[in-house]
>>> print(open('run28.cif').read())   # mmCIF, C-alpha atoms
data_protein
loop_
_atom_site.label_atom_id
_atom_site.label_comp_id
_atom_site.auth_asym_id
_atom_site.auth_seq_id
_atom_site.Cartn_x
_atom_site.Cartn_y
_atom_site.Cartn_z
CA MET A 1 -33.68 -12.63 -14.71
CA ALA A 2 -37.23 -13.70 -15.51
CA ASP A 3 -36.05 -17.29 -16.07
CA VAL A 4 -34.20 -17.24 -12.74
CA ALA A 5 -37.27 -15.87 -10.98
CA THR A 6 -39.44 -18.64 -12.44
CA ALA A 7 -36.94 -21.38 -11.54
CA ALA A 8 -36.57 -20.09 -7.98
CA GLY A 9 -40.25 -19.37 -7.48
CA VAL A 10 -39.70 -15.71 -6.62
CA SER A 11 -40.38 -12.33 -8.18
CA GLY A 12 -38.03 -10.59 -10.58
CA GLN A 13 -37.54 -7.88 -7.95
CA THR A 14 -36.21 -10.49 -5.52
CA VAL A 15 -33.73 -11.72 -8.12
CA SER A 16 -32.62 -8.12 -8.64
CA ARG A 17 -32.07 -7.71 -4.91
CA VAL A 18 -29.94 -10.85 -4.78
CA VAL A 19 -27.89 -9.74 -7.79
CA ASN A 20 -27.30 -6.34 -6.17
CA ASP A 21 -26.47 -7.92 -2.80
CA SER A 22 -29.33 -6.22 -0.99
CA PRO A 23 -29.71 -7.11 2.71
CA ARG A 24 -33.50 -7.22 2.20
CA VAL A 25 -33.48 -10.92 1.24
CA ASP A 26 -33.70 -13.71 3.79
CA PRO A 27 -30.88 -16.32 3.62
CA ALA A 28 -33.07 -19.22 2.46
CA THR A 29 -34.52 -17.20 -0.44
CA ARG A 30 -31.05 -15.92 -1.37
CA ALA A 31 -29.70 -19.47 -1.46
CA ARG A 32 -32.61 -20.60 -3.69
CA VAL A 33 -32.06 -17.73 -6.12
CA GLU A 34 -28.28 -18.28 -6.24
CA SER A 35 -28.85 -21.99 -6.88
CA ALA A 36 -31.18 -21.15 -9.79
CA MET A 37 -28.64 -18.67 -11.16
CA ALA A 38 -25.94 -21.36 -11.06
CA ARG A 39 -28.16 -23.98 -12.77
CA LEU A 40 -29.16 -21.59 -15.54
CA GLY A 41 -25.69 -20.09 -16.00
CA TYR A 42 -27.01 -16.59 -15.31
CA ARG A 43 -24.50 -13.74 -15.09
CA PRO A 44 -25.39 -10.05 -14.64
CA HIS A 45 -24.69 -8.08 -17.82
CA ARG A 46 -22.23 -5.33 -16.83
CA ALA A 47 -23.08 -2.98 -19.70
CA ALA A 48 -26.82 -3.31 -19.12
CA ARG A 49 -26.38 -2.68 -15.42
CA ALA A 50 -24.28 0.42 -16.17
CA LEU A 51 -27.08 1.82 -18.35
CA ARG A 52 -29.62 1.22 -15.58
CA THR A 53 -27.57 2.41 -12.58
CA GLY A 54 -25.16 4.91 -14.13
CA ARG A 55 -22.25 2.88 -12.70
CA THR A 56 -19.86 0.56 -14.51
CA GLN A 57 -18.74 -1.48 -11.47
CA THR A 58 -15.18 -0.61 -12.53
CA ILE A 59 -12.58 1.28 -10.52
CA GLY A 60 -9.22 2.67 -11.57
CA LEU A 61 -5.78 2.45 -10.01
CA VAL A 62 -3.20 5.20 -10.58
CA VAL A 63 0.39 4.33 -9.70
CA SER A 64 3.75 5.89 -10.52
CA THR A 65 5.44 2.55 -11.24
CA LEU A 66 4.93 -1.15 -10.64
CA ALA A 67 8.68 -1.81 -10.48
CA THR A 68 8.80 -1.51 -6.68
CA VAL A 69 7.74 -4.47 -4.57
CA GLY A 70 5.49 -2.34 -2.35
CA ASN A 71 3.49 -0.98 -5.29
CA SER A 72 3.15 -4.46 -6.78
CA ARG A 73 1.90 -5.80 -3.45
CA MET A 74 -0.62 -2.95 -3.24
CA LEU A 75 -1.81 -3.64 -6.80
CA GLN A 76 -2.51 -7.25 -5.86
CA ALA A 77 -4.27 -6.23 -2.64
CA VAL A 78 -6.48 -3.67 -4.41
CA ALA A 79 -7.27 -6.11 -7.24
CA ASP A 80 -8.30 -8.83 -4.76
CA ALA A 81 -10.43 -6.43 -2.71
CA ALA A 82 -12.12 -5.03 -5.83
CA ALA A 83 -12.91 -8.50 -7.15
CA GLY A 84 -14.37 -9.43 -3.79
CA ARG A 85 -16.83 -6.54 -4.11
CA GLY A 86 -17.71 -7.29 -7.72
CA TYR A 87 -15.64 -4.49 -9.25
CA ALA A 88 -13.34 -4.74 -12.26
CA LEU A 89 -10.01 -2.89 -12.15
CA THR A 90 -8.28 -0.65 -14.70
CA VAL A 91 -4.62 0.26 -14.04
CA VAL A 92 -2.85 3.41 -15.26
CA THR A 93 0.85 3.96 -14.58
CA LEU A 94 2.33 7.44 -14.78
CA GLY A 95 5.03 6.02 -17.01
CA THR A 96 2.39 5.82 -19.75
CA GLU A 97 0.75 9.18 -19.02
CA PRO A 98 2.36 12.66 -19.03
CA ASP A 99 0.80 13.63 -15.69
CA VAL A 100 -1.80 12.69 -13.11
CA ALA A 101 -4.44 14.91 -14.73
CA SER A 102 -4.08 12.94 -17.96
CA ALA A 103 -4.35 9.68 -16.02
CA PHE A 104 -7.58 10.88 -14.41
CA GLU A 105 -8.99 11.95 -17.78
CA ARG A 106 -8.15 8.56 -19.27
CA LEU A 107 -9.93 6.75 -16.45
CA SER A 108 -12.90 9.11 -16.70
CA ASP A 109 -13.14 8.47 -20.44
CA GLN A 110 -13.28 4.73 -19.67
CA GLY A 111 -16.24 5.33 -17.38
CA VAL A 112 -14.73 4.15 -14.09
CA ASP A 113 -16.77 4.90 -10.99
CA GLY A 114 -13.75 6.02 -8.96
CA ALA A 115 -10.02 5.51 -8.53
CA VAL A 116 -7.39 4.55 -5.96
CA VAL A 117 -4.14 6.53 -6.17
CA LEU A 118 -1.02 4.83 -4.82
CA ASN A 119 1.96 6.16 -2.92
CA GLU A 120 4.29 8.42 -4.94
CA ALA A 121 1.45 9.39 -7.27
CA THR A 122 -0.43 10.95 -4.36
CA ALA A 123 1.78 14.06 -4.21
CA ALA A 124 0.87 14.95 -7.78
CA ALA A 125 -2.77 14.03 -7.20
CA ARG A 126 -3.10 16.48 -4.33
CA GLY A 127 -2.45 19.37 -6.72
CA THR A 128 -4.74 18.09 -9.46
CA SER A 129 -8.51 18.36 -9.74
CA ALA A 130 -10.19 15.11 -10.70
CA PRO A 131 -12.84 15.17 -13.44
CA ARG A 132 -16.34 15.87 -12.15
CA GLY A 133 -17.90 12.76 -10.63
CA LEU A 134 -14.65 10.77 -10.31
CA ARG A 135 -14.34 9.70 -6.67
CA LEU A 136 -10.82 9.31 -5.30
CA VAL A 137 -9.10 7.48 -2.45
CA VAL A 138 -5.37 8.00 -2.02
CA VAL A 139 -3.04 5.57 -0.30
CA ASP A 140 -0.46 7.50 1.75
CA ALA A 141 -1.37 11.16 1.96
CA PRO A 142 -1.73 13.68 4.79
CA PRO A 143 -5.00 13.56 6.74
CA GLY A 144 -7.45 16.24 5.73
CA THR A 145 -6.55 16.15 2.04
CA PRO A 146 -9.67 17.89 0.70
CA GLY A 147 -12.26 15.98 -1.29
CA VAL A 148 -10.65 12.54 -1.16
CA GLY A 149 -10.57 9.53 1.12
CA VAL A 150 -7.18 8.65 2.63
CA VAL A 151 -5.74 5.30 3.70
CA GLN A 152 -2.21 5.14 5.06
CA SER A 153 0.22 2.96 6.96
CA ASP A 154 1.61 4.38 10.19
CA HIS A 155 5.01 4.96 8.57
CA ALA A 156 6.32 7.32 11.23
CA GLU A 157 5.52 4.96 14.09
CA GLY A 158 7.13 2.06 12.21
CA ALA A 159 10.30 4.06 11.56
CA HIS A 160 10.34 5.19 15.19
CA ALA A 161 10.11 1.57 16.35
CA ALA A 162 12.93 0.51 14.00
CA THR A 163 15.22 3.33 15.18
CA ALA A 164 14.41 2.77 18.86
CA HIS A 165 15.16 -0.94 18.42
CA LEU A 166 18.63 -0.18 17.10
CA LEU A 167 19.33 2.37 19.82
CA GLY A 168 18.14 -0.14 22.39
CA LEU A 169 20.79 -2.56 21.17
CA GLY A 170 23.46 -0.07 22.26
CA HIS A 171 24.24 1.67 18.98
CA ALA A 172 25.28 5.30 19.51
CA THR A 173 23.19 6.52 16.58
CA VAL A 174 21.31 5.26 13.52
CA HIS A 175 22.00 6.26 9.92
CA HIS A 176 19.09 6.47 7.50
CA LEU A 177 18.93 5.50 3.83
CA ALA A 178 15.82 7.46 2.85
CA GLY A 179 13.33 7.14 0.01
CA PRO A 180 12.87 9.68 -2.80
CA VAL A 181 11.87 13.31 -2.43
CA GLY A 182 8.14 13.80 -2.97
CA SER A 183 7.11 10.48 -1.44
CA PHE A 184 4.78 10.87 1.53
CA ALA A 185 5.82 7.44 2.85
CA ALA A 186 9.52 8.35 2.64
CA ALA A 187 8.92 11.66 4.42
CA GLU A 188 6.96 9.99 7.22
CA ARG A 189 9.63 7.33 7.71
CA GLU A 190 12.28 10.03 7.89
CA ARG A 191 10.15 11.87 10.46
CA GLY A 192 9.85 8.78 12.65
CA TRP A 193 13.61 8.21 12.47
CA ARG A 194 14.39 11.80 13.47
CA GLU A 195 11.88 11.78 16.32
CA ALA A 196 13.28 8.57 17.82
CA LEU A 197 16.82 9.96 17.69
CA ALA A 198 15.72 13.24 19.27
CA GLU A 199 13.91 11.43 22.09
CA ALA A 200 17.11 9.51 22.81
CA GLY A 201 19.18 12.71 22.84
CA CYS A 202 20.99 11.84 19.60
CA GLU A 203 21.64 14.19 16.71
CA SER A 204 20.50 13.00 13.30
CA PRO A 205 23.55 12.02 11.23
CA PRO A 206 23.76 13.01 7.55
CA MET A 207 21.11 11.18 5.54
CA ALA A 208 21.53 9.42 2.20
CA ARG A 209 18.63 9.34 -0.23
CA GLY A 210 17.75 6.62 -2.75
CA ASP A 211 14.93 5.54 -5.04
CA TRP A 212 13.63 2.40 -3.28
CA THR A 213 15.96 0.12 -5.27
CA ALA A 214 18.64 -2.27 -4.04
CA ALA A 215 21.11 -0.51 -6.34
CA SER A 216 20.57 2.84 -4.60
CA GLY A 217 20.94 1.14 -1.21
CA HIS A 218 24.21 -0.44 -2.28
CA LEU A 219 25.56 2.88 -3.55
CA ALA A 220 24.66 4.78 -0.38
CA ALA A 221 25.92 2.06 1.98
CA THR A 222 29.21 1.77 0.13
CA ALA A 223 30.04 5.28 1.34
CA LEU A 224 28.85 4.52 4.88
CA ALA A 225 30.88 1.32 5.06
CA ALA A 226 34.12 3.28 4.98
CA ASP A 227 33.24 4.91 8.32
CA PRO A 228 33.88 2.57 11.28
CA ALA A 229 31.59 4.71 13.45
CA VAL A 230 28.60 3.55 11.38
CA THR A 231 27.16 0.54 13.21
CA ALA A 232 23.40 0.82 12.62
CA VAL A 233 21.34 1.63 9.51
CA PHE A 234 17.61 2.05 9.02
CA ALA A 235 16.72 1.66 5.33
CA ALA A 236 13.53 3.14 3.89
CA ASN A 237 12.45 -0.19 2.41
CA ASP A 238 13.57 -3.79 2.20
CA GLN A 239 15.10 -3.52 -1.28
CA THR A 240 17.27 -0.62 -0.10
CA ALA A 241 18.25 -2.70 2.93
CA LEU A 242 19.21 -5.63 0.71
CA GLY A 243 21.58 -3.44 -1.30
CA ALA A 244 23.04 -2.03 1.94
CA ILE A 245 23.73 -5.50 3.34
CA ARG A 246 25.66 -6.41 0.20
CA ALA A 247 27.67 -3.16 0.34
CA PHE A 248 28.71 -3.78 3.95
CA ALA A 249 29.63 -7.39 3.13
CA ASP A 250 31.71 -6.21 0.16
CA ALA A 251 33.59 -3.86 2.52
CA GLY A 252 34.35 -6.68 4.95
CA ARG A 253 31.78 -5.48 7.48
CA PRO A 254 29.29 -8.31 7.92
CA VAL A 255 25.69 -7.83 9.03
CA PRO A 256 24.98 -8.10 11.95
CA GLY A 257 28.50 -8.86 13.17
CA ASP A 258 29.75 -5.35 12.47
CA VAL A 259 26.67 -3.39 11.33
CA SER A 260 22.96 -3.83 12.11
CA VAL A 261 20.42 -3.14 9.34
CA VAL A 262 16.62 -2.69 9.49
CA GLY A 263 14.32 -2.41 6.48
CA PHE A 264 10.67 -1.47 5.93
CA ASP A 265 7.75 -3.34 4.28
CA ASP A 266 8.46 -6.99 5.21
CA ILE A 267 8.27 -8.19 1.63
CA ALA A 268 7.72 -11.88 0.98
CA ASP A 269 11.46 -12.70 0.75
CA ALA A 270 12.65 -10.62 3.71
CA ALA A 271 12.89 -13.63 6.02
CA ASP A 272 15.02 -15.43 3.41
CA TYR A 273 17.71 -12.76 3.06
CA ARG A 274 21.13 -13.64 4.45
CA PRO A 275 20.82 -12.75 7.24
CA PRO A 276 17.02 -12.78 7.66
CA LEU A 277 16.00 -9.13 7.69
CA THR A 278 14.69 -7.22 10.68
CA THR A 279 12.03 -4.98 9.16
CA VAL A 280 8.82 -3.03 9.71
CA ARG A 281 5.80 -4.95 8.46
CA GLN A 282 3.13 -3.18 6.42
CA ASP A 283 -0.23 -4.91 6.12
CA PHE A 284 -0.69 -4.54 2.37
CA ASP A 285 -3.82 -6.69 2.30
CA ARG A 286 -5.51 -4.52 4.91
CA LEU A 287 -4.48 -1.34 3.09
CA GLY A 288 -6.01 -2.67 -0.13
CA GLU A 289 -9.21 -3.73 1.61
CA LEU A 290 -9.65 -0.35 3.29
CA ALA A 291 -8.83 1.59 0.13
CA VAL A 292 -11.45 -0.26 -1.91
CA ALA A 293 -14.00 -0.12 0.91
CA ALA A 294 -13.50 3.63 1.26
CA LEU A 295 -13.80 4.12 -2.50
CA VAL A 296 -17.00 2.06 -2.74
CA ALA A 297 -18.45 4.08 0.15
CA ALA A 298 -17.54 7.29 -1.69
CA ILE A 299 -19.14 6.01 -4.91
CA GLU A 300 -22.34 4.82 -3.27
CA ASP A 301 -22.82 7.33 -0.46
CA GLY A 302 -20.43 10.22 -1.08
CA ALA A 303 -18.58 9.35 2.15
CA THR A 304 -15.01 10.53 2.77
CA ALA A 305 -12.97 8.22 5.00
CA PHE A 306 -9.58 8.35 6.70
CA HIS A 307 -7.85 5.20 7.97
CA THR A 308 -4.41 4.55 9.45
CA VAL A 309 -3.15 0.96 9.47
CA PRO A 310 -0.65 0.05 12.24
CA THR A 311 2.82 -1.27 11.39
CA VAL A 312 4.73 -3.92 13.35
CA LEU A 313 8.47 -4.39 13.85
CA ALA A 314 9.55 -7.92 12.88
CA VAL A 315 12.88 -8.63 14.61
CA ARG A 316 15.13 -11.12 12.82
CA ALA A 317 18.86 -11.75 12.51
CA SER A 318 20.08 -8.61 10.71
CA THR A 319 20.32 -6.68 14.01
CA ALA A 320 22.48 -7.40 17.07
CA ALA A 321 23.62 -5.72 20.27
CA LEU A 322 26.63 -3.47 19.79
CA ARG A 323 28.58 -5.23 22.53
CA ALA A 324 28.23 -8.49 20.61
CA ALA A 325 29.60 -6.84 17.50
CA ARG A 326 32.77 -5.48 19.07
#
>>> encode(input="run28.cif", output="structure tokens")
Amino acid sequence: MADVATAAGVSGQTVSRVVNDSPRVDPATRARVESAMARLGYRPHRAARALRTGRTQTIGLVVSTLATVGNSRMLQAVADAAAGRGYALTVVTLGTEPDVASAFERLSDQGVDGAVVLNEATAAARGTSAPRGLRLVVVDAPPGTPGVGVVQSDHAEGAHAATAHLLGLGHATVHHLAGPVGSFAAAERERGWREALAEAGCESPPMARGDWTAASGHLAATALAADPAVTAVFAANDQTALGAIRAFADAGRPVPGDVSVVGFDDIADAADYRPPLTTVRQDFDRLGELAVAALVAAIEDGATAFHTVPTVLAVRASTAALRAAR
């Protein structure tokens, strides 16, 4: 830092402010210091900084599994947002730990400054005390969860929009292929589906439950395909919807010619399904940005934030008016 200060013609304190991204440096001075850092190949020493500040500039991520597309997308979003703020990322999956408490202890032992907890892992996290000093932000949890920041998609509103879309096409009711028990996102999507049906004066038909996979969607839809009264299905995620589309095709009931199907997430390949999938779009990048921003605020200022990210219905070719299907 002394060499950088000399090369830039500034004090060591000014170099420190630039390194720590302080706003108390005018742009011209910042540019001169950054240019000197680049010429000299200077990089802040993470271990030395941790000794000085008591922070490691590392955050953790706790996730039940990375096998689902949504969790993988969230991992990428959190990793990108963390890198953008100068934080390293350590990932713990519950498949490698006996419980959430053990995952928290492992992260605490590694000296992380805080952790983001994803989706299905949040239910277990709500009943577990984090080690002292470990700040937490959970993605998808009820508002008012004590002691933690919360970032969530508006799952219920997205599911409501999907169900209302199908009813608006003339379908008498909408069947739901739900996500697993214990998932906050699955419960909220089920709630939105039920509320849209109730508002339209429709009873909720029996619900099938899966595990976010295409295989579980195929299994559940195979049973539905035998019932000619089933003409509209809202699946809890796009992978479930993909399995359902194949099951209906196998039964000689093409989508959308005989059955309309809507998914949730709008994964990268959703528009390339056959047919292109009508689905509810989650903004994974925004969720990751807000989760990391909320965690950094908790680490630096002790702040506790709550954010809800809107969802948007993307209408494609997997849904059609009932009159066109008959």
>>> residues_around(input="run28.cif", residues="Ala251 (chain A)", least_positions_apart="5", cutoff="10 Å", atoms="all atoms listed in the file", output="short mmCIF file (atom, residue, chain, number, x, y, z; two decimals) with C-alpha atoms, in the coordinates of the input")
data_model
loop_
_atom_site.label_atom_id
_atom_site.label_comp_id
_atom_site.auth_asym_id
_atom_site.auth_seq_id
_atom_site.Cartn_x
_atom_site.Cartn_y
_atom_site.Cartn_z
CA ALA A 221 25.92 2.06 1.98
CA THR A 222 29.21 1.77 0.13
CA ALA A 223 30.04 5.28 1.34
CA LEU A 224 28.85 4.52 4.88
CA ALA A 225 30.88 1.32 5.06
CA ALA A 226 34.12 3.28 4.98
CA ARG A 246 25.66 -6.41 0.20
#
>>> closest_residue(input="run28.cif", among="A:Glu203, A:Asp109, A:Asp238, A:Asp250", to="Asp266 (chain A)", atoms="only C-alpha atoms")
A:Asp238
>>> closest_residue(input="run28.cif", among="A:Leu61, A:Leu177, A:Gly111, A:Leu167", to="Val92 (chain A)", atoms="all atoms listed in the file")
A:Leu61
>>> resolve_selection(input="run28.cif", expression="the PyMOL selection byres ((chain A and resi 14) around 12)", output="PyMOL selection string")
chain A and resi 1-2+4-6+8-13+15-26+29-34
>>> resolve_selection(input="run28.cif", expression="the PyMOL selection byres ((chain A and resi 88) around 7)", output="number ranges by chain")
A: 57-59, 82-83, 86-87, 89-90
>>> resolve_selection(input="run28.cif", expression="the PyMOL selection byres ((chain A and resi 190) around 10)", output="list in words")
His155, Ala156, Ala159, His160, His176, Leu177, Ala178, Gly179, Phe184, Ala185, Ala186, Ala187, Glu188, Arg189, Arg191, Gly192, Trp193, Arg194, Glu195, Met207, Phe234, Ala235 and Ala236 of chain A
>>> closest_residue(input="run28.cif", among="A:Gly182, A:Gly217, A:Pro276, A:Pro228", to="Asp140 (chain A)", atoms="all atoms listed in the file")
A:Gly182
>>> closest_residue(input="run28.cif", among="A:Ala208, A:Ala232, A:Val148, A:Leu277", to="Gly170 (chain A)", atoms="all atoms listed in the file")
A:Ala232
>>> closest_residue(input="run28.cif", among="A:Arg209, A:Arg73, A:Arg253, A:Arg43", to="Asp285 (chain A)", atoms="all atoms listed in the file")
A:Arg73
>>> residues_around(input="run28.cif", residues="Val280 (chain A)", least_positions_apart="5", cutoff="8 Å", atoms="all atoms listed in the file", output="count of residues only")
12
>>> axis_aligned_box(input="run28.cif", around="region 289-301 of chain A", padding_each_side="8 Å", output="AutoDock Vina command-line options")
--center_x -15.8 --center_y 1.8 --center_z -0.8 --size_x 30.0 --size_y 27.1 --size_z 24.2
>>> closest_residue(input="run28.cif", among="A:Val181, A:Val117, A:Ala7, A:Ile267", to="Thr68 (chain A)", atoms="only C-alpha atoms")
A:Ile267
>>> residues_near_point(input="run28.cif", point="(-0.9, 0.9, 4.8)", cutoff="10 Å", atoms="all atoms listed in the file", output="PyMOL selection string")
chain A and resi 74+119+139-140+151-155+185+265+281-288+290-291+307-311
>>> residues_around(input="run28.cif", residues="Gln239 (chain A)", least_positions_apart="3", cutoff="8 Å", atoms="only C-alpha atoms", output="ChimeraX atom specification")
/A:212-214,217,242-243,263
